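Pasted below: upload02.cif, mmCIF, C-alpha atoms and all ligand atoms.
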data_structure
#
loop_
_atom_site.label_atom_id
_atom_site.label_comp_id
_atom_site.auth_asym_id
_atom_site.auth_seq_id
_atom_site.Cartn_x
_atom_site.Cartn_y
_atom_site.Cartn_z
CA MET A 782 79.16 110.60 93.34
CA PRO A 783 77.74 114.11 93.81
CA ASP A 784 77.08 115.55 97.29
CA ALA A 785 73.29 115.36 96.73
CA LEU A 786 73.55 111.58 96.72
CA PHE A 787 75.48 111.64 99.97
CA ALA A 788 72.55 113.51 101.50
CA GLU A 789 70.21 110.83 100.17
CA GLU A 790 72.28 108.03 101.68
CA PHE A 791 72.69 109.84 105.02
CA PRO A 792 69.39 111.58 105.77
CA GLN A 793 70.33 112.33 109.38
CA ALA A 794 67.58 113.63 111.54
CA GLY A 795 66.99 117.11 112.90
CA GLY A 796 70.20 118.96 112.02
CA LEU A 797 72.36 116.33 113.66
CA ILE A 798 76.08 116.90 113.03
CA TYR A 799 77.46 113.39 113.22
CA LEU A 800 81.16 113.52 114.01
CA ASN A 801 81.45 110.16 115.71
CA HIS A 802 82.44 107.65 113.03
CA ALA A 803 85.36 106.60 115.23
CA ALA A 804 82.76 105.25 117.70
CA VAL A 805 79.65 103.87 115.98
CA ALA A 806 78.67 105.18 112.54
CA PRO A 807 75.18 105.75 111.13
CA TRP A 808 74.16 103.33 108.40
CA PRO A 809 73.66 104.50 104.85
CA LEU A 810 70.07 104.26 103.62
CA ARG A 811 70.90 101.26 101.43
CA THR A 812 72.05 99.31 104.49
CA ALA A 813 68.79 99.97 106.31
CA GLU A 814 66.95 98.86 103.16
CA ALA A 815 69.00 95.66 102.90
CA VAL A 816 68.17 94.82 106.53
CA ARG A 817 64.47 95.55 105.98
CA ALA A 818 64.43 93.37 102.86
CA PHE A 819 66.23 90.54 104.65
CA ALA A 820 63.79 90.72 107.56
CA ALA A 821 60.81 90.67 105.18
CA GLU A 822 62.23 87.69 103.32
CA ASN A 823 62.79 85.78 106.58
CA THR A 824 59.20 86.39 107.61
CA ARG A 825 57.80 85.51 104.22
CA SER A 826 59.81 82.47 103.21
CA GLY A 827 62.34 81.65 105.94
CA ALA A 828 65.57 80.30 104.52
CA GLN A 829 63.97 78.95 101.33
CA HIS A 830 66.48 80.91 99.28
CA TYR A 831 69.52 80.08 101.39
CA PRO A 832 71.76 79.68 98.30
CA ARG A 833 71.12 83.38 97.62
CA TRP A 834 72.27 84.20 101.14
CA LEU A 835 75.41 82.14 100.58
CA ALA A 836 76.04 84.11 97.41
CA ARG A 837 75.77 87.34 99.44
CA GLU A 838 78.21 85.94 101.97
CA ALA A 839 80.65 85.09 99.16
CA ARG A 840 80.19 88.60 97.78
CA LEU A 841 81.02 90.15 101.16
CA ARG A 842 84.23 88.12 101.39
CA GLU A 843 85.22 89.37 97.95
CA GLN A 844 84.36 92.97 98.91
CA LEU A 845 86.56 92.66 102.00
CA ARG A 846 89.35 91.04 100.02
CA GLU A 847 89.31 93.93 97.61
CA LEU A 848 89.16 96.48 100.43
CA VAL A 849 92.38 95.23 102.03
CA ASN A 850 93.98 94.08 98.75
CA ALA A 851 94.46 90.50 99.91
CA THR A 852 95.52 88.02 97.23
CA SER A 853 92.73 85.54 97.98
CA VAL A 854 89.33 85.37 99.67
CA ASP A 855 90.75 82.35 101.45
CA ASP A 856 92.61 84.84 103.66
CA ILE A 857 89.40 86.50 104.87
CA ALA A 858 87.46 85.28 107.90
CA LEU A 859 84.34 86.81 109.39
CA THR A 860 84.48 87.14 113.17
CA LYS A 861 82.16 88.68 115.75
CA ASN A 862 84.34 91.69 116.38
CA THR A 863 87.89 92.99 116.51
CA SER A 864 88.46 91.60 120.01
CA GLU A 865 87.57 88.08 118.92
CA ALA A 866 89.96 88.24 115.97
CA ILE A 867 92.80 89.57 118.15
CA SER A 868 92.08 86.84 120.71
CA LEU A 869 92.30 84.19 117.98
CA VAL A 870 95.85 85.39 117.33
CA ALA A 871 96.85 85.94 120.96
CA GLU A 872 95.52 82.57 122.11
CA GLY A 873 96.71 80.77 118.99
CA ILE A 874 100.45 81.38 119.16
CA ASP A 875 102.58 78.76 120.92
CA TRP A 876 104.23 81.23 123.25
CA GLN A 877 107.41 80.28 125.04
CA ALA A 878 108.37 81.76 128.39
CA GLY A 879 110.69 84.68 127.73
CA ASP A 880 108.96 85.76 124.49
CA ASN A 881 107.85 89.35 124.27
CA ILE A 882 105.13 91.31 122.48
CA VAL A 883 105.72 94.92 121.49
CA THR A 884 102.85 97.41 121.36
CA THR A 885 102.02 101.02 122.23
CA THR A 886 100.73 102.54 125.46
CA GLU A 887 97.77 104.00 123.55
CA GLU A 888 95.91 100.87 122.43
CA PHE A 889 92.18 100.42 122.89
CA PRO A 890 91.53 97.59 125.42
CA SER A 891 90.65 95.21 122.54
CA ASN A 892 94.29 95.35 121.50
CA ARG A 893 95.72 95.23 125.01
CA ILE A 894 93.74 92.79 127.13
CA PRO A 895 94.22 89.69 124.87
CA TRP A 896 98.00 90.29 125.05
CA GLN A 897 98.02 91.03 128.77
CA ALA A 898 96.30 87.68 129.19
CA GLN A 899 99.43 86.01 127.75
CA THR A 900 101.67 87.30 130.54
CA GLN A 901 100.48 84.38 132.70
CA ARG A 902 102.42 82.17 130.26
CA GLY A 903 105.64 84.04 130.98
CA VAL A 904 105.33 86.37 127.99
CA ALA A 905 106.34 90.01 128.49
CA LEU A 906 104.19 92.83 127.09
CA ARG A 907 106.27 95.85 126.18
CA GLU A 908 104.09 98.95 125.92
CA VAL A 909 105.96 101.73 124.18
CA ARG A 910 105.14 105.43 124.31
CA ILE A 911 104.88 106.54 120.70
CA GLU A 912 105.86 110.15 120.71
CA GLN A 913 106.16 112.24 117.60
CA PRO A 914 108.06 112.64 115.36
CA GLY A 915 109.27 109.03 115.25
CA PRO A 916 106.67 106.63 116.69
CA GLU A 917 107.72 103.76 114.43
CA GLN A 918 111.36 104.01 115.51
CA ALA A 919 110.32 103.83 119.17
CA LEU A 920 108.50 100.57 118.42
CA ILE A 921 111.36 99.18 116.35
CA ASP A 922 113.85 100.04 119.13
CA ALA A 923 111.73 98.09 121.62
CA CYS A 924 111.98 94.89 119.55
CA ASP A 925 114.76 92.41 120.25
CA ARG A 926 115.54 88.78 119.54
CA ALA A 927 112.82 87.59 121.89
CA THR A 928 110.09 89.62 120.19
CA ARG A 929 107.53 87.27 118.62
CA LEU A 930 104.90 89.80 117.65
CA LEU A 931 104.34 93.52 117.14
CA THR A 932 100.75 94.70 117.49
CA ILE A 933 99.45 98.20 116.89
CA SER A 934 96.39 100.12 115.81
CA SER A 935 96.82 101.59 112.35
CA VAL A 936 95.22 104.75 113.79
CA GLN A 937 95.02 105.33 117.55
CA TYR A 938 91.48 105.59 118.90
CA GLY A 939 92.32 108.45 121.26
CA SER A 940 94.92 110.68 119.65
CA GLY A 941 94.06 109.70 116.08
CA ALA A 942 97.78 109.23 115.35
CA ARG A 943 98.38 107.20 112.23
CA LEU A 944 101.35 104.87 112.01
CA ASP A 945 103.44 103.97 108.98
CA LEU A 946 102.49 100.32 108.52
CA GLU A 947 104.91 99.68 105.68
CA LEU A 948 107.87 100.76 107.79
CA LEU A 949 106.82 98.57 110.69
CA GLY A 950 105.90 95.65 108.44
CA ALA A 951 109.29 95.76 106.70
CA HIS A 952 111.06 95.61 110.07
CA CYS A 953 108.92 92.69 111.21
CA ARG A 954 109.56 90.75 108.01
CA LYS A 955 113.31 91.28 108.30
CA ARG A 956 113.34 90.06 111.90
CA GLY A 957 110.80 87.25 111.60
CA ILE A 958 108.37 89.05 113.92
CA LEU A 959 104.63 88.55 113.43
CA PHE A 960 102.87 91.82 112.60
CA CYS A 961 99.28 92.33 113.81
CA VAL A 962 97.24 95.41 112.91
CA ASP A 963 94.00 96.53 114.58
CA ALA A 964 92.68 98.46 111.58
CA ILE A 965 89.26 99.46 112.92
CA GLN A 966 90.14 103.17 112.99
CA SER A 967 91.44 103.25 109.43
CA LEU A 968 89.57 100.67 107.36
CA GLY A 969 86.95 102.50 105.33
CA ALA A 970 88.56 105.88 106.04
CA ILE A 971 91.91 105.46 104.33
CA ALA A 972 93.18 102.90 101.85
CA CYS A 973 94.50 99.61 103.20
CA ASP A 974 96.93 97.26 101.47
CA VAL A 975 97.89 94.14 103.38
CA GLN A 976 100.43 93.18 100.74
CA ALA A 977 102.26 96.50 100.87
CA SER A 978 102.22 96.61 104.67
CA GLY A 979 103.35 93.01 105.05
CA ALA A 980 100.84 92.53 107.85
CA ASP A 981 100.30 88.96 109.04
CA PHE A 982 96.96 89.70 110.72
CA VAL A 983 94.54 92.58 110.19
CA MET A 984 91.19 92.94 111.93
CA ALA A 985 88.37 95.48 112.03
CA ASP A 986 84.74 95.42 113.08
CA GLY A 987 82.29 96.96 110.62
CA HIS A 988 80.55 99.59 112.74
CA LYS A 989 82.93 102.53 112.42
CA TRP A 990 84.41 103.79 109.15
CA LEU A 991 82.93 100.86 107.21
CA LEU A 992 79.43 102.17 108.05
CA GLY A 993 78.06 98.73 108.90
CA PRO A 994 76.44 97.17 111.96
CA GLU A 995 78.18 96.10 115.15
CA GLY A 996 79.03 92.45 115.55
CA LEU A 997 80.61 91.49 112.22
CA ALA A 998 84.33 91.94 111.63
CA LEU A 999 86.97 91.28 109.02
CA PHE A 1000 89.88 89.08 110.08
CA TYR A 1001 92.63 88.87 107.45
CA SER A 1002 95.44 86.34 107.93
CA ARG A 1003 98.45 85.64 105.72
CA PRO A 1004 98.46 81.86 104.98
CA GLU A 1005 101.87 81.10 106.56
CA ALA A 1006 100.98 83.10 109.66
CA ARG A 1007 97.53 81.49 109.85
CA ASP A 1008 99.10 78.04 109.97
CA ARG A 1009 100.99 79.07 113.10
CA LEU A 1010 97.80 79.61 115.09
CA ARG A 1011 96.41 76.83 117.22
CA LEU A 1012 92.62 76.71 117.18
CA HIS A 1013 90.47 76.74 120.30
CA GLN A 1014 86.98 76.81 118.80
CA PHE A 1015 85.54 73.96 116.79
CA GLY A 1016 82.32 73.25 114.92
CA TRP A 1017 80.76 72.16 111.65
CA HIS A 1018 81.75 75.27 109.72
CA MET A 1019 85.51 75.35 110.24
CA VAL A 1020 86.36 72.10 108.47
CA GLU A 1021 87.43 71.39 104.90
CA ALA A 1022 84.15 69.61 104.04
CA ALA A 1023 81.79 72.02 105.83
CA GLY A 1024 78.21 71.06 104.97
CA ASN A 1025 78.95 67.36 104.64
CA PHE A 1026 77.30 66.54 107.93
CA ASP A 1027 77.66 62.76 107.57
CA GLN A 1028 81.43 62.79 107.31
CA ARG A 1029 82.84 61.85 110.70
CA ASP A 1030 86.52 62.42 110.05
CA TRP A 1031 87.48 65.97 109.28
CA ARG A 1032 90.34 68.28 108.49
CA ILE A 1033 90.67 71.92 109.48
CA ALA A 1034 89.80 74.21 106.54
CA HIS A 1035 92.90 75.37 104.67
CA SER A 1036 91.30 78.82 104.38
CA ALA A 1037 90.60 81.39 107.08
CA GLN A 1038 87.16 79.82 107.40
CA ARG A 1039 88.88 77.69 110.05
CA PHE A 1040 88.26 80.62 112.42
CA GLU A 1041 84.48 80.47 111.90
CA CYS A 1042 83.22 77.56 113.94
CA GLY A 1043 79.46 77.73 113.25
CA SER A 1044 76.61 79.44 111.40
CA PRO A 1045 77.41 82.82 109.90
CA ASN A 1046 75.83 86.12 110.95
CA MET A 1047 73.64 86.36 107.82
CA LEU A 1048 71.84 89.50 108.96
CA GLY A 1049 75.14 91.29 109.55
CA ILE A 1050 76.47 89.97 106.24
CA HIS A 1051 73.56 91.51 104.30
CA ALA A 1052 74.02 94.80 106.10
CA LEU A 1053 77.80 95.08 105.85
CA SER A 1054 77.79 94.07 102.21
CA ALA A 1055 75.36 96.90 101.44
CA SER A 1056 77.53 99.41 103.32
CA LEU A 1057 80.66 98.27 101.49
CA SER A 1058 78.91 98.62 98.14
CA LEU A 1059 78.68 102.34 98.83
CA LEU A 1060 82.39 102.59 99.70
CA GLN A 1061 83.20 100.66 96.53
CA GLU A 1062 81.08 102.93 94.35
CA ILE A 1063 82.93 105.98 95.62
CA GLY A 1064 86.31 104.25 95.74
CA MET A 1065 88.85 104.26 98.55
CA VAL A 1066 91.13 106.76 96.81
CA GLU A 1067 88.36 109.35 96.75
CA ILE A 1068 87.17 108.44 100.24
CA SER A 1069 90.69 108.80 101.69
CA ARG A 1070 91.07 112.14 99.95
CA ARG A 1071 87.78 113.41 101.37
CA VAL A 1072 88.40 112.09 104.89
CA LEU A 1073 91.81 113.79 105.03
CA GLU A 1074 90.38 116.95 103.52
CA ARG A 1075 87.82 117.03 106.32
CA SER A 1076 90.18 116.29 109.18
CA THR A 1077 92.62 118.90 107.89
CA TYR A 1078 89.80 121.42 107.51
CA LEU A 1079 88.70 120.79 111.10
CA TYR A 1080 92.26 121.03 112.36
CA GLU A 1081 92.78 124.35 110.62
CA ARG A 1082 89.47 125.82 111.78
CA LEU A 1083 90.06 124.73 115.36
CA THR A 1084 93.56 126.27 115.37
CA ALA A 1085 91.90 129.68 115.68
CA VAL A 1086 90.08 128.70 118.91
CA PRO A 1087 91.80 130.33 121.94
CA GLY A 1088 93.46 127.86 124.32
CA ILE A 1089 93.27 124.90 121.92
CA ARG A 1090 95.68 122.02 122.40
CA PHE A 1091 95.64 119.21 119.86
CA LEU A 1092 96.13 115.63 120.96
CA THR A 1093 96.20 114.66 117.29
CA PRO A 1094 99.50 115.13 115.42
CA GLY A 1095 99.74 118.23 113.21
CA GLU A 1096 101.33 116.56 110.20
CA GLU A 1097 98.66 115.43 107.76
CA ARG A 1098 100.40 112.12 106.98
CA ARG A 1099 100.22 111.35 110.71
CA ARG A 1100 96.45 111.36 110.92
CA ALA A 1101 93.35 109.89 109.28
CA GLY A 1102 89.77 110.81 110.26
CA ILE A 1103 90.15 111.69 113.95
CA ILE A 1104 90.80 115.13 115.44
CA ASN A 1105 91.13 115.18 119.22
CA PHE A 1106 91.67 118.35 121.23
CA SER A 1107 91.35 119.95 124.63
CA ILE A 1108 90.96 123.60 125.63
CA ALA A 1109 93.02 125.24 128.38
CA ASP A 1110 91.07 125.51 131.68
CA CYS A 1111 88.08 123.71 130.20
CA ASP A 1112 86.89 120.30 131.38
CA PRO A 1113 86.70 118.11 128.23
CA ALA A 1114 83.82 116.07 129.69
CA ARG A 1115 81.81 119.25 130.06
CA LEU A 1116 82.73 120.50 126.61
CA HIS A 1117 81.69 117.14 125.21
CA ARG A 1118 78.32 117.31 126.98
CA GLY A 1119 77.81 120.84 125.67
CA LEU A 1120 78.45 119.68 122.12
CA LEU A 1121 76.03 116.75 122.49
CA ASP A 1122 73.39 119.21 123.75
CA ARG A 1123 73.92 121.18 120.54
CA ASN A 1124 73.44 118.05 118.39
CA VAL A 1125 77.14 117.71 117.61
CA ILE A 1126 77.64 113.97 118.10
CA CYS A 1127 81.22 113.31 119.18
CA ALA A 1128 83.14 111.49 121.93
CA HIS A 1129 85.18 112.17 125.03
CA ARG A 1130 88.31 110.02 124.60
CA GLY A 1131 91.96 110.06 125.53
CA GLY A 1132 91.60 113.19 127.68
CA GLY A 1133 90.07 115.31 124.93
CA VAL A 1134 87.07 115.82 122.70
CA ARG A 1135 87.24 113.55 119.66
CA LEU A 1136 85.65 114.62 116.39
CA SER A 1137 85.51 112.13 113.54
CA PRO A 1138 83.78 113.20 110.31
CA HIS A 1139 83.48 110.82 107.35
CA PHE A 1140 83.72 111.43 103.61
CA TYR A 1141 80.13 112.64 103.29
CA THR A 1142 80.22 115.21 106.11
CA SER A 1143 79.81 118.69 104.67
CA LEU A 1144 82.33 121.45 105.38
CA GLN A 1145 79.41 123.60 106.57
CA GLU A 1146 78.68 121.05 109.27
CA LEU A 1147 82.30 121.26 110.36
CA ASP A 1148 82.02 125.06 110.50
CA ARG A 1149 78.93 124.72 112.70
CA ALA A 1150 80.69 122.28 115.02
CA VAL A 1151 83.65 124.65 115.43
CA ALA A 1152 81.23 127.54 116.05
CA CYS A 1153 79.61 125.45 118.81
CA VAL A 1154 83.04 124.88 120.43
CA SER A 1155 83.69 128.65 120.38
CA GLU A 1156 80.22 129.40 121.79
CA LEU A 1157 80.74 126.97 124.64
CA ILE A 1158 84.10 128.54 125.52
CA ASP A 1159 82.63 132.05 125.38
CA ALA A 1160 79.67 130.99 127.54
CA ARG A 1161 82.10 129.58 130.13
CA LYS A 1162 84.14 132.81 130.18
CA SER A 1163 81.11 135.04 130.64
CA ARG A 1164 79.87 133.09 133.70
C1 LIG B 1201 91.29 100.76 118.12
C2 LIG B 1201 90.03 100.01 118.45
N1 LIG B 1201 90.03 98.68 118.43
C3 LIG B 1201 88.90 97.97 118.67
C4 LIG B 1201 87.72 98.61 118.97
C5 LIG B 1201 86.45 97.83 119.20
O1 LIG B 1201 86.67 96.49 119.26
P1 LIG B 1201 85.48 95.43 119.03
O2 LIG B 1201 85.25 95.35 117.57
O3 LIG B 1201 86.01 94.20 119.60
O4 LIG B 1201 84.29 95.94 119.76
C6 LIG B 1201 87.68 100.00 119.03
C7 LIG B 1201 86.41 100.69 119.38
O5 LIG B 1201 86.35 101.78 119.82
C8 LIG B 1201 88.86 100.72 118.74
O6 LIG B 1201 88.86 102.05 118.72
#
Kindly present the structure from the file in structure tokens form.
Ligand SMILES: Cc1ncc(COP(=O)(O)O)c(C=O)c1O
Amino acid sequence: MPDALFAEEFPQAGGLIYLNHAAVAPWPLRTAEAVRAFAAENTRSGAQHYPRWLAREARLREQLRELVNATSVDDIALTKNTSEAISLVAEGIDWQAGDNIVTTTEEFPSNRIPWQAQTQRGVALREVRIEQPGPEQALIDACDRATRLLTISSVQYGSGARLDLELLGAHCRKRGILFCVDAIQSLGAIACDVQASGADFVMADGHKWLLGPEGLALFYSRPEARDRLRLHQFGWHMVEAAGNFDQRDWRIAHSAQRFECGSPNMLGIHALSASLSLLQEIGMVEISRRVLERSTYLYERLTAVPGIRFLTPGEERRRAGIINFSIADCDPARLHRGLLDRNVICAHRGGGVRLSPHFYTSLQELDRAVACVSELIDARKSR
């Protein structure tokens, strides 16, 4: 897909340099159009064509299956967000006092609080500092015979550090440890393969690198791992014969639909499916290549800025789309505000300024963002 088409899909207003895909991404044009069309249809004819909506829902499940390389759509559930999916796992396991969960000290609260909540059942949460160069080994060393589950973000929201999922997954398999991956900071930015990583559970909301709306998430579960989760939410939609409203006896759905208790988020489904169609057209190999090209470009350009300190690892294989940095003697909150004032949309996270371009961001925009950082530092010095 040529760059001109990227500009068509992302007609961002007024010279905005949008480097905040690790927070909430803009929608492609086709997603806005899908939402408009869905709204118009609802006003015109309500749910007259509901079978068409169901077909769109089925399509989204297939798109998500393909995105994570799951073997079956039966392994894909749609949840409200990442936190809900993680909670389904955390609350579903039959913990025994003395069990432990291994994770990192860097997790976003969505991948910390549901596990902290299990400590009231006598479960220990081991939060491991993952320092370079061997973050995986630090996690592996923290596991012992009482470890029931290892949970990590594929890419850390603050530092942007990317973990080797295959290495961790292989260890978990060997030791019978459940492996849970919060993939929100990598899915849609770099390729994902649940079979290769051996993950038992993978979750990601759609509003970051997947370019969709907030409030609709993927929850992948491996069948054997899924069967180990006790359910806490019930309704018409999570049973084997969903839609047969007269049947009074019921069985839990064999598929991951068991995690979806009621009516689906049809509006979100139409939107996310449109966003994913763009990712599919470009292909995850090309998207990963472009995302890494951009984060490396940013890293290299920023290296020349006096006083720079990267919070993101230097090795390319250790990062995805996030570059986080601070500047000596410069308050990152202030630098962040200065960048926002210059229309460089970014975030203040993990003690630094976090920039997160996507595949369609132009290198010229990255040059302008780096120039803004330099200007802000110069302006501070001359005061
Ligand atoms: C690593 C990580 N997990 C989860 C979330 C968001 O979770 P949810 O989808 O529950 O809002 C974020 C958002 O910043 C995140 O960075």
Go ahead and find all residues with at least one atom no further than 9 Å from (75.7, 89.3, 99.9) in the file's coordinates, using only C-alpha atoms; report them as a count of residues only. 17
One-decimal distance in Å that lies between atom CA of Arg910 of chain A and atom CA of Ser891 of chain A: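 We find that atom CA of Ser891 of chain A and atom CA of Arg910 of chain A lie 17.8 Å from each other.
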At most 7 Å from ligand LIG 1201 (chain B) (all atoms listed in the file): residue list as a compact mmCIF listing (two decimals) with C-alpha atoms, in the coordinates of the input:
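As a result, selection_29.txt now contains:
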# COMPACT_ATOMS: atom_id res chain seq x y z
CA ALA A 803 85.36 106.60 115.23
CA ALA A 804 82.76 105.25 117.70
CA ASN A 862 84.34 91.69 116.38
CA THR A 863 87.89 92.99 116.51
CA SER A 864 88.46 91.60 120.01
CA GLU A 865 87.57 88.08 118.92
CA GLU A 888 95.91 100.87 122.43
CA PHE A 889 92.18 100.42 122.89
CA SER A 891 90.65 95.21 122.54
CA ASN A 892 94.29 95.35 121.50
CA SER A 934 96.39 100.12 115.81
CA GLN A 937 95.02 105.33 117.55
CA TYR A 938 91.48 105.59 118.90
CA ASP A 963 94.00 96.53 114.58
CA ILE A 965 89.26 99.46 112.92
CA GLN A 966 90.14 103.17 112.99
CA ALA A 985 88.37 95.48 112.03
CA ASP A 986 84.74 95.42 113.08
CA ALA A 998 84.33 91.94 111.63
What gap, in Å, lies between atom CA of Cys1127 of chain A and atom CA of Tyr799 of chain A?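 So the two atoms, atom CA of Cys1127 of chain A and atom CA of Tyr799 of chain A, lie 7.0 Å apart.
What separates atom CA of Val936 of chain A from atom CA of Arg902 of chain A is a distance of 28.9 Å.
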Taking into account all atoms listed in the file, which residue in the set A:Ser1002, A:Ser1056, A:Asn823, A:Ser1076 is nearest to Thr1142 of chain A?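 Once distances to Thr1142 of chain A are computed over all atoms listed in the file, the minimum belongs to A:Ser1076.
In terms of minimum interatomic distance to Glu1097 of chain A, A:Gly941 ranks closest within A:Gly941, A:Gly957, A:Gly969, A:Gly996, counting all atoms listed in the file.
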Nearest candidate to Ala905 of chain A (options A:Ala828, A:Leu930, A:Gly879, A:Ala815; using all atoms listed in the file):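 Counting all atoms listed in the file, the residue closest to Ala905 of chain A is A:Gly879.
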Show which residues sit within 10 Å of Leu1010 of chain A, as a ChimeraX atom specification. Count all atoms listed in the file, and ignore same-chain residues fewer than 5 positions away. /A:869-875,1005,1040
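Taking only C-alpha atoms into account, Asn881 of chain A lies nearest to A:Val904 out of the set A:Leu1136, A:Val904, A:Val1151, A:Ile867.
For the point (75.6, 118.4, 124.6), the residues with at least one atom inside 12 Å, counting only C-alpha atoms, are Leu797, Ile798, Pro1113, Ala1114, Arg1115, Leu1116, His1117, Arg1118, Gly1119, Leu1120, Leu1121, Asp1122, Arg1123, Asn1124, Val1125, Ile1126, Cys1127, Ala1128, His1129, Val1134, Ala1150, Cys1153, Val1154 and Leu1157 of chain A.
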Could N, CA and C atoms be built for segment 1076-1087 of chain A and written out as a PDB file, keeping the file's coordinate frame?
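Here's the written file selection-v4.pdb:
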ATOM      1  N   SER A1076      89.456 116.184 107.906  1.00  0.00           N
ATOM      2  CA  SER A1076      90.180 116.290 109.180  1.00  0.00           C
ATOM      3  C   SER A1076      91.147 117.471 109.148  1.00  0.00           C
ATOM      4  N   THR A1077      91.715 117.740 107.993  1.00  0.00           N
ATOM      5  CA  THR A1077      92.620 118.900 107.890  1.00  0.00           C
ATOM      6  C   THR A1077      91.827 120.200 108.034  1.00  0.00           C
ATOM      7  N   TYR A1078      90.668 120.232 107.422  1.00  0.00           N
ATOM      8  CA  TYR A1078      89.800 121.420 107.510  1.00  0.00           C
ATOM      9  C   TYR A1078      89.454 121.698 108.978  1.00  0.00           C
ATOM     10  N   LEU A1079      89.042 120.641 109.675  1.00  0.00           N
ATOM     11  CA  LEU A1079      88.700 120.790 111.100  1.00  0.00           C
ATOM     12  C   LEU A1079      89.893 121.292 111.897  1.00  0.00           C
ATOM     13  N   TYR A1080      91.030 120.670 111.635  1.00  0.00           N
ATOM     14  CA  TYR A1080      92.260 121.030 112.360  1.00  0.00           C
ATOM     15  C   TYR A1080      92.546 122.511 112.168  1.00  0.00           C
ATOM     16  N   GLU A1081      92.464 122.946 110.910  1.00  0.00           N
ATOM     17  CA  GLU A1081      92.780 124.350 110.620  1.00  0.00           C
ATOM     18  C   GLU A1081      91.770 125.297 111.252  1.00  0.00           C
ATOM     19  N   ARG A1082      90.492 124.954 111.175  1.00  0.00           N
ATOM     20  CA  ARG A1082      89.470 125.820 111.780  1.00  0.00           C
ATOM     21  C   ARG A1082      89.647 125.887 113.301  1.00  0.00           C
ATOM     22  N   LEU A1083      89.935 124.758 113.902  1.00  0.00           N
ATOM     23  CA  LEU A1083      90.060 124.730 115.360  1.00  0.00           C
ATOM     24  C   LEU A1083      91.315 125.469 115.844  1.00  0.00           C
ATOM     25  N   THR A1084      92.312 125.580 114.980  1.00  0.00           N
ATOM     26  CA  THR A1084      93.560 126.270 115.370  1.00  0.00           C
ATOM     27  C   THR A1084      93.267 127.675 115.861  1.00  0.00           C
ATOM     28  N   ALA A1085      92.214 128.291 115.319  1.00  0.00           N
ATOM     29  CA  ALA A1085      91.900 129.680 115.680  1.00  0.00           C
ATOM     30  C   ALA A1085      91.192 129.782 117.046  1.00  0.00           C
ATOM     31  N   VAL A1086      90.806 128.650 117.622  1.00  0.00           N
ATOM     32  CA  VAL A1086      90.080 128.700 118.910  1.00  0.00           C
ATOM     33  C   VAL A1086      91.074 128.952 120.040  1.00  0.00           C
ATOM     34  N   PRO A1087      90.849 130.006 120.865  1.00  0.00           N
ATOM     35  CA  PRO A1087      91.800 130.330 121.940  1.00  0.00           C
ATOM     36  C   PRO A1087      91.958 129.161 122.922  1.00  0.00           C
TER      37      PRO A1087
END
